[in-house]
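With compact mmCIF, C-alpha atoms and all ligand atoms inside, this is query10.txt:
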```txt
# COMPACT_ATOMS: atom_id res chain seq x y z
CA MET A 207 -10.40 96.44 -45.91
CA MET A 208 -7.92 93.58 -45.62
CA LYS A 209 -9.03 90.57 -43.63
CA ALA A 210 -6.64 89.22 -40.97
CA ILE A 211 -5.57 85.58 -41.41
CA ASP A 212 -3.21 82.99 -39.96
CA SER A 213 -0.87 81.25 -42.38
CA GLY A 214 -1.15 77.53 -43.14
CA VAL A 215 -0.26 75.77 -46.39
CA TYR A 216 -0.18 71.96 -46.53
CA SER A 217 -0.31 71.41 -50.29
CA GLU A 218 0.24 73.11 -53.65
CA ILE A 219 -3.36 72.68 -54.72
CA GLY A 220 -5.70 73.07 -51.70
CA GLU A 221 -8.40 75.72 -52.16
CA LEU A 222 -6.78 79.11 -51.81
CA GLU A 223 -7.76 81.22 -48.81
CA GLY A 224 -5.28 84.08 -49.04
CA VAL A 225 -2.44 85.16 -51.31
CA ILE A 226 0.26 87.83 -51.30
CA LEU A 227 0.73 89.73 -54.55
CA HIS A 228 2.80 92.63 -55.75
CA THR A 229 1.64 94.63 -58.74
CA PRO A 230 4.76 95.48 -60.74
CA GLY A 231 5.71 99.15 -60.45
CA LYS A 232 8.49 101.41 -61.70
CA GLU A 233 11.10 98.98 -60.35
CA VAL A 234 10.63 96.78 -63.42
CA GLU A 235 11.61 99.63 -65.73
CA ASN A 236 14.36 101.01 -63.54
CA MET A 237 17.12 99.28 -65.50
CA THR A 238 18.84 99.49 -68.86
CA PRO A 239 19.75 96.79 -71.38
CA THR A 240 23.32 96.91 -70.04
CA ASN A 241 22.38 96.28 -66.44
CA ALA A 242 19.33 94.06 -67.04
CA GLU A 243 21.43 90.98 -66.44
CA ARG A 244 22.43 91.96 -62.93
CA ALA A 245 18.73 92.68 -62.36
CA LEU A 246 18.23 88.98 -63.27
CA TYR A 247 16.26 89.83 -66.39
CA SER A 248 16.89 88.42 -69.86
CA ASP A 249 15.12 91.33 -71.51
CA ILE A 250 13.73 94.71 -70.49
CA LEU A 251 10.01 95.15 -69.82
CA ASN A 252 7.36 97.67 -70.74
CA LEU A 253 5.56 98.50 -67.50
CA SER A 254 2.26 99.70 -68.97
CA VAL A 255 1.80 96.44 -70.88
CA ALA A 256 3.00 94.34 -67.92
CA VAL A 257 0.50 96.07 -65.61
CA GLU A 258 -2.41 95.36 -67.95
CA GLU A 259 -1.46 91.70 -68.01
CA TYR A 260 -0.95 91.62 -64.28
CA LYS A 261 -4.46 93.03 -63.77
CA GLN A 262 -5.77 89.81 -65.28
CA LEU A 263 -3.97 87.71 -62.66
CA ALA A 264 -4.85 89.97 -59.74
CA GLY A 265 -8.40 90.63 -60.99
CA VAL A 266 -9.23 86.92 -61.01
CA LEU A 267 -7.62 86.30 -57.63
CA GLU A 268 -9.40 89.26 -56.05
CA LYS A 269 -12.69 87.67 -57.05
CA ILE A 270 -12.00 84.35 -55.42
CA THR A 271 -9.85 84.95 -52.33
CA PRO A 272 -8.46 87.63 -50.00
CA THR A 273 -5.42 89.19 -51.66
CA TYR A 274 -2.70 91.21 -49.94
CA GLN A 275 -0.44 93.63 -51.75
CA VAL A 276 3.14 93.76 -50.46
CA LYS A 277 3.19 97.56 -50.66
CA ASP A 278 0.05 97.89 -48.50
CA LEU A 279 1.36 95.43 -45.92
CA LEU A 280 4.72 97.20 -45.87
CA THR A 281 3.16 100.67 -45.55
CA GLY A 282 1.05 99.32 -42.70
CA ILE A 283 4.00 98.19 -40.61
CA LEU A 284 6.05 101.30 -41.44
CA GLU A 285 3.36 103.47 -39.79
CA GLN A 286 4.84 102.35 -36.48
CA PRO A 287 7.95 104.43 -35.70
CA THR A 288 9.96 101.70 -33.97
CA ILE A 289 9.34 99.20 -36.74
CA LYS A 290 10.18 101.84 -39.33
CA SER A 291 13.50 102.79 -37.73
CA GLY A 292 14.39 99.17 -37.09
CA LEU A 293 13.76 98.16 -40.68
CA ILE A 294 15.65 101.16 -42.10
CA GLU A 295 18.59 100.35 -39.82
CA LYS A 296 18.60 96.73 -40.90
CA ILE A 297 18.36 97.43 -44.62
CA CYS A 298 20.94 100.24 -44.60
CA THR A 299 23.39 98.17 -42.59
CA TYR A 300 22.90 95.18 -44.85
CA GLU A 301 23.30 97.19 -48.02
CA GLN A 302 26.05 99.46 -46.72
CA ALA A 303 24.00 102.60 -47.18
CA LEU A 304 24.04 103.99 -43.64
CA SER A 305 24.36 107.53 -44.98
CA MET A 306 20.80 107.21 -46.31
CA LYS A 307 19.27 106.53 -42.91
CA ASP A 308 18.19 110.05 -41.92
CA LEU A 309 16.70 110.78 -45.29
CA LEU A 310 14.65 107.59 -45.19
CA LEU A 311 13.49 108.20 -41.61
CA ASP A 312 11.97 111.51 -42.74
CA LEU A 313 9.77 109.91 -45.38
CA PRO A 314 6.13 109.10 -44.64
CA ALA A 315 5.32 105.37 -44.52
CA ASP A 316 3.77 105.04 -47.99
CA GLU A 317 6.55 106.99 -49.72
CA LEU A 318 9.18 104.98 -47.87
CA ALA A 319 7.49 101.73 -48.92
CA ARG A 320 7.46 102.92 -52.51
CA GLN A 321 11.14 103.89 -52.50
CA LEU A 322 12.24 100.68 -50.79
CA ILE A 323 10.64 98.82 -53.69
CA GLU A 324 11.27 101.13 -56.65
CA GLY A 325 14.76 102.15 -55.53
CA VAL A 326 16.23 105.00 -53.47
CA ASP A 327 18.11 107.60 -55.52
CA LEU A 328 21.78 108.12 -54.93
CA GLN A 329 22.35 111.69 -53.74
CA LYS A 330 24.60 113.34 -56.31
CA ASN A 331 26.09 115.63 -53.67
CA SER A 332 29.70 114.47 -53.58
CA LEU A 333 32.27 114.09 -56.32
CA THR A 334 32.17 110.31 -55.94
CA THR A 335 28.41 110.00 -56.30
CA PHE A 336 28.30 112.73 -58.94
CA LEU A 337 30.72 110.82 -61.16
CA SER A 338 29.18 107.43 -60.41
CA ASP A 339 27.19 105.66 -63.15
CA GLU A 340 25.03 104.24 -60.42
CA ARG A 341 21.59 105.80 -60.08
CA TYR A 342 20.53 104.19 -56.81
CA ALA A 343 21.78 104.10 -53.26
CA LEU A 344 19.33 101.26 -52.65
CA ARG A 345 18.68 99.40 -55.87
CA PRO A 346 15.16 98.74 -57.15
CA LEU A 347 13.58 95.38 -56.31
CA HIS A 348 13.04 94.47 -59.96
CA ASN A 349 11.84 90.96 -59.17
CA PHE A 350 9.47 91.62 -56.28
CA PHE A 351 6.38 90.82 -58.37
CA PHE A 352 7.58 87.21 -58.16
CA THR A 353 6.34 87.12 -54.57
CA ARG A 354 6.76 83.35 -54.46
CA ASP A 355 10.50 83.52 -54.12
CA ALA A 356 11.41 85.69 -51.12
CA SER A 357 9.31 83.78 -48.61
CA VAL A 358 7.41 80.54 -48.69
CA SER A 359 4.56 79.18 -46.56
CA VAL A 360 5.52 75.71 -45.41
CA TYR A 361 2.87 74.08 -43.24
CA ASP A 362 2.36 76.23 -40.13
CA ASN A 363 5.42 78.42 -40.76
CA VAL A 364 6.70 80.88 -43.28
CA LEU A 365 10.23 80.17 -44.38
CA ILE A 366 12.13 83.35 -45.13
CA SER A 367 14.24 82.71 -48.19
CA LYS A 368 17.98 83.09 -48.28
CA MET A 369 18.28 84.60 -51.73
CA ALA A 370 21.05 83.49 -54.04
CA ASN A 371 21.57 87.00 -55.41
CA LYS A 372 22.21 90.21 -53.55
CA VAL A 373 19.73 92.13 -55.76
CA ARG A 374 16.88 90.16 -54.24
CA GLU A 375 17.93 90.09 -50.57
CA ARG A 376 15.90 93.13 -49.50
CA GLU A 377 12.74 91.34 -50.68
CA ALA A 378 13.29 88.69 -48.01
CA ILE A 379 14.07 91.29 -45.32
CA ILE A 380 10.81 93.09 -46.11
CA MET A 381 8.78 89.90 -46.13
CA GLU A 382 10.18 88.85 -42.77
CA ALA A 383 9.23 92.23 -41.27
CA ILE A 384 5.72 91.85 -42.70
CA PHE A 385 5.28 88.40 -41.17
CA HIS A 386 6.60 89.61 -37.84
CA TYR A 387 4.59 92.77 -37.53
CA SER A 388 1.62 92.91 -39.88
CA ASP A 389 -1.83 93.05 -38.31
CA TYR A 390 -3.19 91.20 -41.29
CA ILE A 391 -1.08 88.10 -41.66
CA LYS A 392 -0.07 86.10 -38.65
CA SER A 393 2.63 83.49 -38.93
CA ASN A 394 5.69 82.11 -37.26
CA THR A 395 8.78 82.45 -39.39
CA ILE A 396 11.95 80.45 -39.87
CA ASN A 397 14.90 82.44 -41.16
CA PRO A 398 18.13 80.62 -42.07
CA ASN A 399 19.98 83.92 -41.63
CA SER A 400 19.40 83.84 -37.92
CA TYR A 401 21.14 80.48 -37.40
CA TYR A 402 24.77 80.86 -36.37
CA ASN A 403 25.81 77.70 -38.24
CA VAL A 404 24.25 78.61 -41.57
CA GLY A 405 26.79 79.98 -44.02
CA ALA A 406 26.85 81.77 -47.34
CA GLU A 407 26.63 78.50 -49.26
CA THR A 408 23.10 77.94 -47.90
CA THR A 409 20.58 79.47 -50.29
CA ILE A 410 16.87 78.70 -50.67
CA GLU A 411 14.28 80.40 -52.87
CA GLY A 412 10.54 79.81 -52.82
CA GLY A 413 10.32 78.82 -56.48
CA ASP A 414 12.14 75.63 -55.55
CA VAL A 415 9.95 74.59 -52.62
CA LEU A 416 6.77 72.66 -53.48
CA ILE A 417 4.47 71.21 -50.85
CA ALA A 418 3.13 68.08 -52.48
CA ARG A 419 1.28 66.68 -49.45
CA ASP A 420 1.25 67.07 -45.66
CA ASP A 421 4.22 64.69 -45.46
CA VAL A 422 5.93 65.26 -48.83
CA LEU A 423 8.02 68.23 -49.93
CA ILE A 424 9.54 68.44 -53.40
CA ILE A 425 12.58 70.70 -53.55
CA GLY A 426 14.61 71.83 -56.52
CA ASN A 427 18.39 71.74 -56.14
CA SER A 428 19.15 74.54 -58.54
CA ALA A 429 21.21 77.62 -59.24
CA ARG A 430 19.13 79.24 -56.50
CA THR A 431 18.71 76.49 -53.91
CA THR A 432 21.89 74.71 -52.86
CA THR A 433 22.26 71.26 -51.32
CA GLN A 434 22.99 73.09 -48.06
CA GLY A 435 19.71 74.94 -48.50
CA VAL A 436 17.86 71.64 -48.88
CA ASP A 437 19.68 70.25 -45.82
CA PHE A 438 18.55 73.28 -43.83
CA ILE A 439 14.93 72.46 -44.63
CA ILE A 440 15.50 68.78 -43.78
CA ASN A 441 16.92 69.78 -40.40
CA GLN A 442 13.83 71.85 -39.70
CA LEU A 443 11.60 68.92 -40.62
CA LYS A 444 13.40 66.69 -38.11
CA GLN A 445 11.60 68.58 -35.38
CA LYS A 446 8.29 67.18 -36.62
CA LYS A 447 9.19 63.62 -35.44
CA ASP A 448 6.69 61.84 -37.72
CA LYS A 449 7.30 60.25 -41.14
CA ARG A 450 8.28 62.83 -43.74
CA TYR A 451 9.66 62.71 -47.26
CA VAL A 452 11.74 65.20 -49.18
CA VAL A 453 12.09 64.57 -52.89
CA VAL A 454 14.96 66.52 -54.38
CA GLN A 455 15.08 67.24 -58.09
CA GLN A 456 18.36 68.49 -59.46
CA LEU A 457 18.17 71.19 -62.12
CA PRO A 458 20.66 72.49 -64.69
CA GLY A 459 22.41 75.75 -63.82
CA GLU A 460 21.51 77.22 -67.18
CA PRO A 461 19.80 78.54 -69.20
CA GLU A 462 18.10 80.92 -66.78
CA SER A 463 14.65 79.51 -67.53
CA PHE A 464 15.62 76.56 -65.28
CA ILE A 465 16.27 78.73 -62.22
CA HIS A 466 13.59 77.12 -60.08
CA LEU A 467 11.80 73.79 -59.91
CA ASP A 468 8.48 75.52 -60.62
CA MET A 469 9.79 76.34 -64.11
CA VAL A 470 9.81 72.62 -65.00
CA PHE A 471 7.28 71.04 -62.67
CA THR A 472 4.05 72.21 -61.00
CA LEU A 473 1.13 70.40 -59.40
CA LEU A 474 -2.26 70.78 -61.06
CA ASN A 475 -4.62 68.40 -59.34
CA LYS A 476 -4.75 65.37 -57.04
CA ASP A 477 -3.93 63.22 -60.06
CA ALA A 478 -2.03 65.47 -62.47
CA CYS A 479 1.06 67.58 -62.79
CA MET A 480 2.69 69.76 -65.43
CA VAL A 481 6.16 68.72 -66.54
CA TYR A 482 8.90 69.85 -68.84
CA GLU A 483 9.38 66.39 -70.30
CA PRO A 484 13.09 66.46 -71.26
CA LEU A 485 14.09 67.17 -67.69
CA ILE A 486 11.45 65.39 -65.63
CA MET A 487 10.70 62.29 -67.72
CA LYS A 488 13.66 61.60 -70.00
CA LEU A 489 16.91 60.02 -68.99
CA ASN A 490 19.41 62.75 -68.13
CA ARG A 491 22.12 63.59 -65.66
CA TYR A 492 19.91 65.49 -63.22
CA SER A 493 19.04 63.12 -60.39
CA THR A 494 15.92 62.66 -58.34
CA ILE A 495 16.76 61.81 -54.72
CA LEU A 496 14.36 60.62 -52.05
CA ILE A 497 15.17 61.45 -48.44
CA SER A 498 13.01 59.72 -45.83
CA LEU A 499 12.72 60.96 -42.27
CA ASP A 500 11.21 59.32 -39.25
CA ASN A 501 11.40 60.03 -35.56
CA GLY A 502 13.41 63.17 -36.17
CA GLU A 503 16.12 61.41 -38.18
CA VAL A 504 17.07 60.81 -41.78
CA VAL A 505 16.45 57.08 -42.23
CA SER A 506 17.41 56.77 -45.89
CA ILE A 507 18.70 58.72 -48.89
CA GLU A 508 18.36 57.07 -52.28
CA LYS A 509 18.46 57.94 -55.96
CA LYS A 510 15.23 57.32 -57.87
CA ASP A 511 14.49 56.91 -61.58
CA ASN A 512 12.51 60.10 -61.88
CA LEU A 513 10.24 62.46 -60.00
CA ILE A 514 6.99 60.95 -61.27
CA SER A 515 7.84 57.34 -60.33
CA CYS A 516 9.23 58.47 -57.00
CA LEU A 517 6.01 60.30 -56.14
CA LYS A 518 4.06 57.23 -57.22
CA GLU A 519 6.01 55.16 -54.73
CA LEU A 520 4.89 57.63 -52.08
CA GLY A 521 1.27 57.08 -53.07
CA MET A 522 0.89 60.11 -55.35
CA ASP A 523 -0.08 58.82 -58.77
CA LEU A 524 0.20 61.88 -61.00
CA LYS A 525 -0.35 62.01 -64.74
CA PRO A 526 2.37 64.17 -66.26
CA ILE A 527 1.02 66.70 -68.77
CA PRO A 528 3.84 67.92 -71.03
CA CYS A 529 4.59 71.62 -71.32
CA GLY A 530 4.52 72.55 -75.01
CA GLY A 531 2.64 69.35 -75.92
CA SER A 532 4.23 66.01 -76.62
CA SER A 533 5.15 66.11 -80.27
CA ASP A 534 7.91 68.67 -80.78
CA ILE A 535 10.94 69.36 -78.63
CA TRP A 536 11.39 72.86 -80.09
CA THR A 537 7.87 73.79 -79.02
CA GLN A 538 8.51 72.35 -75.58
CA GLU A 539 11.67 74.38 -75.23
CA ARG A 540 10.04 77.56 -76.47
CA GLU A 541 7.09 77.31 -74.12
CA GLN A 542 9.17 76.25 -71.12
CA TRP A 543 11.31 79.33 -71.71
CA HIS A 544 8.22 81.52 -71.35
CA SER A 545 7.14 79.87 -68.10
CA GLY A 546 4.76 77.46 -69.81
CA ALA A 547 5.16 74.90 -67.02
CA ASN A 548 4.61 77.47 -64.29
CA PHE A 549 0.98 76.91 -63.26
CA PHE A 550 -0.64 78.20 -60.11
CA ALA A 551 -3.42 76.15 -58.52
CA ILE A 552 -6.28 78.00 -56.88
CA ALA A 553 -7.92 74.65 -56.00
CA PRO A 554 -7.45 71.03 -57.15
CA GLY A 555 -7.83 70.99 -60.96
CA LYS A 556 -8.34 74.76 -61.09
CA VAL A 557 -5.23 76.54 -62.26
CA MET A 558 -3.89 79.70 -63.87
CA GLY A 559 -1.24 80.04 -66.59
CA TYR A 560 -0.08 82.15 -69.53
CA ALA A 561 -2.33 82.22 -72.61
CA ARG A 562 0.72 82.74 -74.85
CA ASN A 563 1.82 79.12 -74.43
CA VAL A 564 -0.73 77.78 -76.87
CA TYR A 565 0.61 74.23 -77.21
CA THR A 566 0.63 73.81 -73.46
CA MET A 567 -2.93 75.14 -73.29
CA GLU A 568 -4.02 72.75 -76.00
CA GLU A 569 -2.46 69.86 -74.09
CA MET A 570 -4.30 70.92 -70.93
CA ASN A 571 -7.52 71.09 -72.91
CA ASN A 572 -6.91 67.58 -74.28
CA ASN A 573 -6.64 66.47 -70.67
CA GLY A 574 -10.07 67.82 -69.81
CA TYR A 575 -9.23 71.32 -68.63
CA GLU A 576 -11.54 74.05 -69.95
CA ILE A 577 -9.51 77.07 -71.10
CA ILE A 578 -11.12 80.23 -69.74
CA LYS A 579 -9.99 83.79 -70.46
CA ALA A 580 -9.12 85.77 -67.34
CA ASN A 581 -11.07 88.80 -68.57
CA ASP A 582 -14.19 86.68 -68.98
CA VAL A 583 -13.94 85.76 -65.31
CA ILE A 584 -13.36 89.39 -64.33
CA ASP A 585 -16.29 90.58 -66.46
CA ASN A 586 -18.58 87.87 -65.02
CA LYS A 587 -19.02 86.27 -68.43
CA VAL A 588 -18.32 82.82 -67.04
CA ASN A 589 -19.26 81.16 -63.81
CA LEU A 590 -16.26 79.18 -62.56
CA ALA A 591 -18.54 76.98 -60.48
CA ASP A 592 -19.79 75.46 -63.75
CA TYR A 593 -16.44 73.79 -64.39
CA GLU A 594 -14.69 71.03 -62.54
CA LYS A 595 -11.30 71.45 -64.20
CA TYR A 596 -10.04 74.60 -65.86
CA VAL A 597 -7.12 76.83 -66.74
CA ILE A 598 -7.66 80.55 -66.40
CA ALA A 599 -5.48 81.98 -69.16
CA ILE A 600 -3.81 85.32 -68.46
CA GLY A 601 -1.91 87.59 -70.82
CA GLY A 602 1.81 87.11 -70.44
CA SER A 603 3.75 88.52 -73.32
CA GLU A 604 5.49 91.11 -71.21
CA LEU A 605 5.32 89.53 -67.74
CA ALA A 606 7.04 86.38 -68.98
CA ARG A 607 10.08 88.43 -69.92
CA GLY A 608 10.67 88.92 -66.19
CA GLY A 609 11.43 85.20 -66.03
CA GLY A 610 8.42 83.69 -64.30
CA GLY A 611 4.74 82.83 -64.48
CA ALA A 612 1.57 82.52 -62.44
CA ARG A 613 3.09 80.39 -59.68
CA CYS A 614 6.06 82.72 -59.23
CA MET A 615 3.77 85.74 -59.00
CA THR A 616 1.67 84.37 -56.15
CA MET A 617 2.60 83.65 -52.54
CA PRO A 618 -0.23 81.67 -50.94
CA VAL A 619 -0.49 82.13 -47.19
CA LYS A 620 -3.44 79.91 -46.54
CA ARG A 621 -5.03 76.96 -48.29
CA LYS A 622 -7.82 74.57 -47.29
CA ALA A 623 -6.94 70.95 -46.62
CA VAL A 624 -7.13 68.67 -49.65
CA ASN A 625 -9.53 65.77 -49.49
CA TRP A 626 -7.05 63.18 -50.77
N1 LIG B 701 9.68 81.13 -58.93
C1 LIG B 701 10.23 81.58 -60.04
N2 LIG B 701 10.44 80.74 -61.03
N3 LIG B 701 10.58 82.85 -60.10
C2 LIG B 701 11.10 83.52 -61.24
C3 LIG B 701 12.04 84.61 -60.88
C4 LIG B 701 12.66 85.28 -62.06
C5 LIG B 701 13.57 86.40 -61.70
N4 LIG B 701 13.93 87.18 -62.82
C6 LIG B 701 14.85 85.89 -61.05
O1 LIG B 701 15.76 85.58 -61.76
O2 LIG B 701 14.96 85.82 -59.87
```
Mind turning this structure into structure tokens?
Amino acid sequence: MMKAIDSGVYSEIGELEGVILHTPGKEVENMTPTNAERALYSDILNLSVAVEEYKQLAGVLEKITPTYQVKDLLTGILEQPTIKSGLIEKICTYEQALSMKDLLLDLPADELARQLIEGVDLQKNSLTTFLSDERYALRPLHNFFFTRDASVSVYDNVLISKMANKVREREAIIMEAIFHYSDYIKSNTINPNSYYNVGAETTIEGGDVLIARDDVLIIGNSARTTTQGVDFIINQLKQKKDKRYVVVQQLPGEPESFIHLDMVFTLLNKDACMVYEPLIMKLNRYSTILISLDNGEVVSIEKKDNLISCLKELGMDLKPIPCGGSSDIWTQEREQWHSGANFFAIAPGKVMGYARNVYTMEEMNNNGYEIIKANDVIDNKVNLADYEKYVIAIGGSELARGGGGARCMTMPVKRKAVNW
């Protein structure tokens, strides 16, 4: 039985009290090498292997915190006829598939939830559809297991993302419906789509939004989150009236492993963070910009030397731990590519990441983090309470091919306050 909770996230590292997950399903295999790119994949995945790896992530999280599966939450809201018809109407209008409406309305809630995620088949009942290479009237949500991206808990709200790519837009529509109607998760939402003055150039994805502290957000300005997207968030923060800081880190548009800030920078503890050194620490053309707000206004915007020194100025003294270790740039690049910097904190100093990135793991270990196998936690072979700092290492040979890691695959809805 799922426990009902209110959302509230005021840091990246506060003890986790609830997280939204999505176990990858057929949608990750519903593509071919030729159309993998439009699915935003760099390779195709094997579902049975990916699921085994995913069980390690979910199995650990289920032991320590309430977890919520997107499909269960979605099925739950679709049981109500008005919500079901409203959501079908919205999705079909958005995706220009109004002819599918009646068929979808006839499906029971759980089957509808499944099809909305795995894809709705194109009816081959006209010459046009018969001759079409397309298999789906509503395309599969290949990337939904990266639950971090389509919505993001920011303080007492959930921000509904404005996805940069059409293939991911339905994820955000579904998440908004869940936050509006679910009996299990209660939250106010902010949706840029519902502002008349927000245009197509405004895009924001959760992988770029990091909550460093109650008053500090770090936002990636990336291929997925535009400057207009960052400005949208700043405008929302103006309503808070107190002192706030937004640190913006620019990211390269390619390769695709740089899509989000969390691919090059994640918070690990009150005093440590994971960095992809070449981008975060070395001199390069990607700026760090500090925007200070007070009394509902932007009081200054200034370029800073780098993210680490800027955070230090704001009173957050973080030791950067290099992804891939510090000695070899090739190793750094290889491990960053496979989401080596993408750590998920379940509490300060207690994080999860991919076992495959062995140099990164070694570096974490050198910094005092015990490396613990996920299956040992699941099988009760270790007692996490015995360790103050650790990395729970999960299998990630197949999952990493989807283009993300532990942080991308988790959408925290509630965390305890950090005792700074
Ligand atoms: N927060 C993240 N880094 N998410 C990774 C998402 C990867 C996914 N294939 C995409 O391109 O959208």
Please give me, as a ChimeraX atom specification, the residues lying within 8 Å of ligand LIG 701 (chain B) when counting only C-alpha atoms and all ligand atoms. /A:245-248,348-349,352,354-355,374,411-414,462-469,545,548,608-611,613-615
Within 10 Å of Lys368 of chain A, counting only C-alpha atoms, which residues show up once you throw out same-chain ones fewer than 4 positions away? Write them as a list in words, please.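 Result of the neighbour search: Asp355, Ala356, Ser357, Lys372, Arg374, Glu375, Ala378, Ile379, Asn397, Pro398, Asn399, Ala406, Glu407, Thr408, Thr409, Ile410, Glu411, Gly412, Arg430, Thr431 and Gly435 of chain A.
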Spatial neighbours of segment 561-567 of chain A, 7 Å, all atoms listed in the file, chain gap at least 4 places, as a PyMOL selection string: chain A and resi 529-531+541+546+571+599-603
For Ile226 of chain A, which of A:Val266, A:Leu333, A:Val373, A:Leu279 is the closest residue, counting only C-alpha atoms? A:Leu279
Atom CA of Ile584 of chain A to atom CA of Leu251 of chain A, straight-line distance in Å: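 Going from atom CA of Leu251 of chain A over to atom CA of Ile584 of chain A covers 24.7 Å.
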For each of A:Arg540, A:Arg450, A:Lys595, A:Lys392, take the minimum atom-to-atom distance to Lys476 of chain A, counting all atoms listed in the file, then give the residue where this is smallest.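 Answer, going by the shortest atom-to-atom distance: A:Lys595.
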Shortest interatomic distance to Asp500 of chain A - which of A:Gln456, A:Ser254, A:Gln445, A:Thr616, counting only C-alpha atoms: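 Result for the nearest residue to Asp500 of chain A: A:Gln445.
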Could you list, as a ChimeraX atom specification, every residue within 9 Å of Arg376 of chain A, counting all atoms listed in the file and ignoring same-chain residues fewer than 4 positions away? /A:297,300-301,322-323,347,356,372,380-381
Nearest candidate to Asp316 of chain A (options A:Gln275, A:Thr281, A:Asn475, A:Thr334; using all atoms listed in the file): A:Thr281
What gap, in Å, lies between atom CA of Ser400 of chain A and atom CA of Glu218 of chain A?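 Atom CA of Glu218 of chain A lies at a distance of 27.0 Å from atom CA of Ser400 of chain A.
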In Å, with one decimal, what is the gap from atom CA of Asn572 of chain A to atom CA of Ile270 of chain A? 25.7 Å
Spatial neighbours of Met480 of chain A, 8 Å, only C-alpha atoms, chain gap at least 4 places, as a ChimeraX atom specification: /A:470-474,526-529,547,549
Distance criterion (all atoms listed in the file): nearest to Glu233 of chain A out of A:Tyr492, A:Tyr361, A:Trp536, A:Phe351: A:Phe351
Pick from A:Arg607, A:Pro554, A:Val234, A:Ile486 nearest to Ala623 of chain A, counting all atoms listed in the file: A:Pro554
Name the residues in contact with Ala418 of chain A at a cut-off of 7 Å, using only C-alpha atoms, excluding same-chain residues fewer than 4 positions from it; report them as a PyMOL selection string. chain A and resi 217-218+422-424
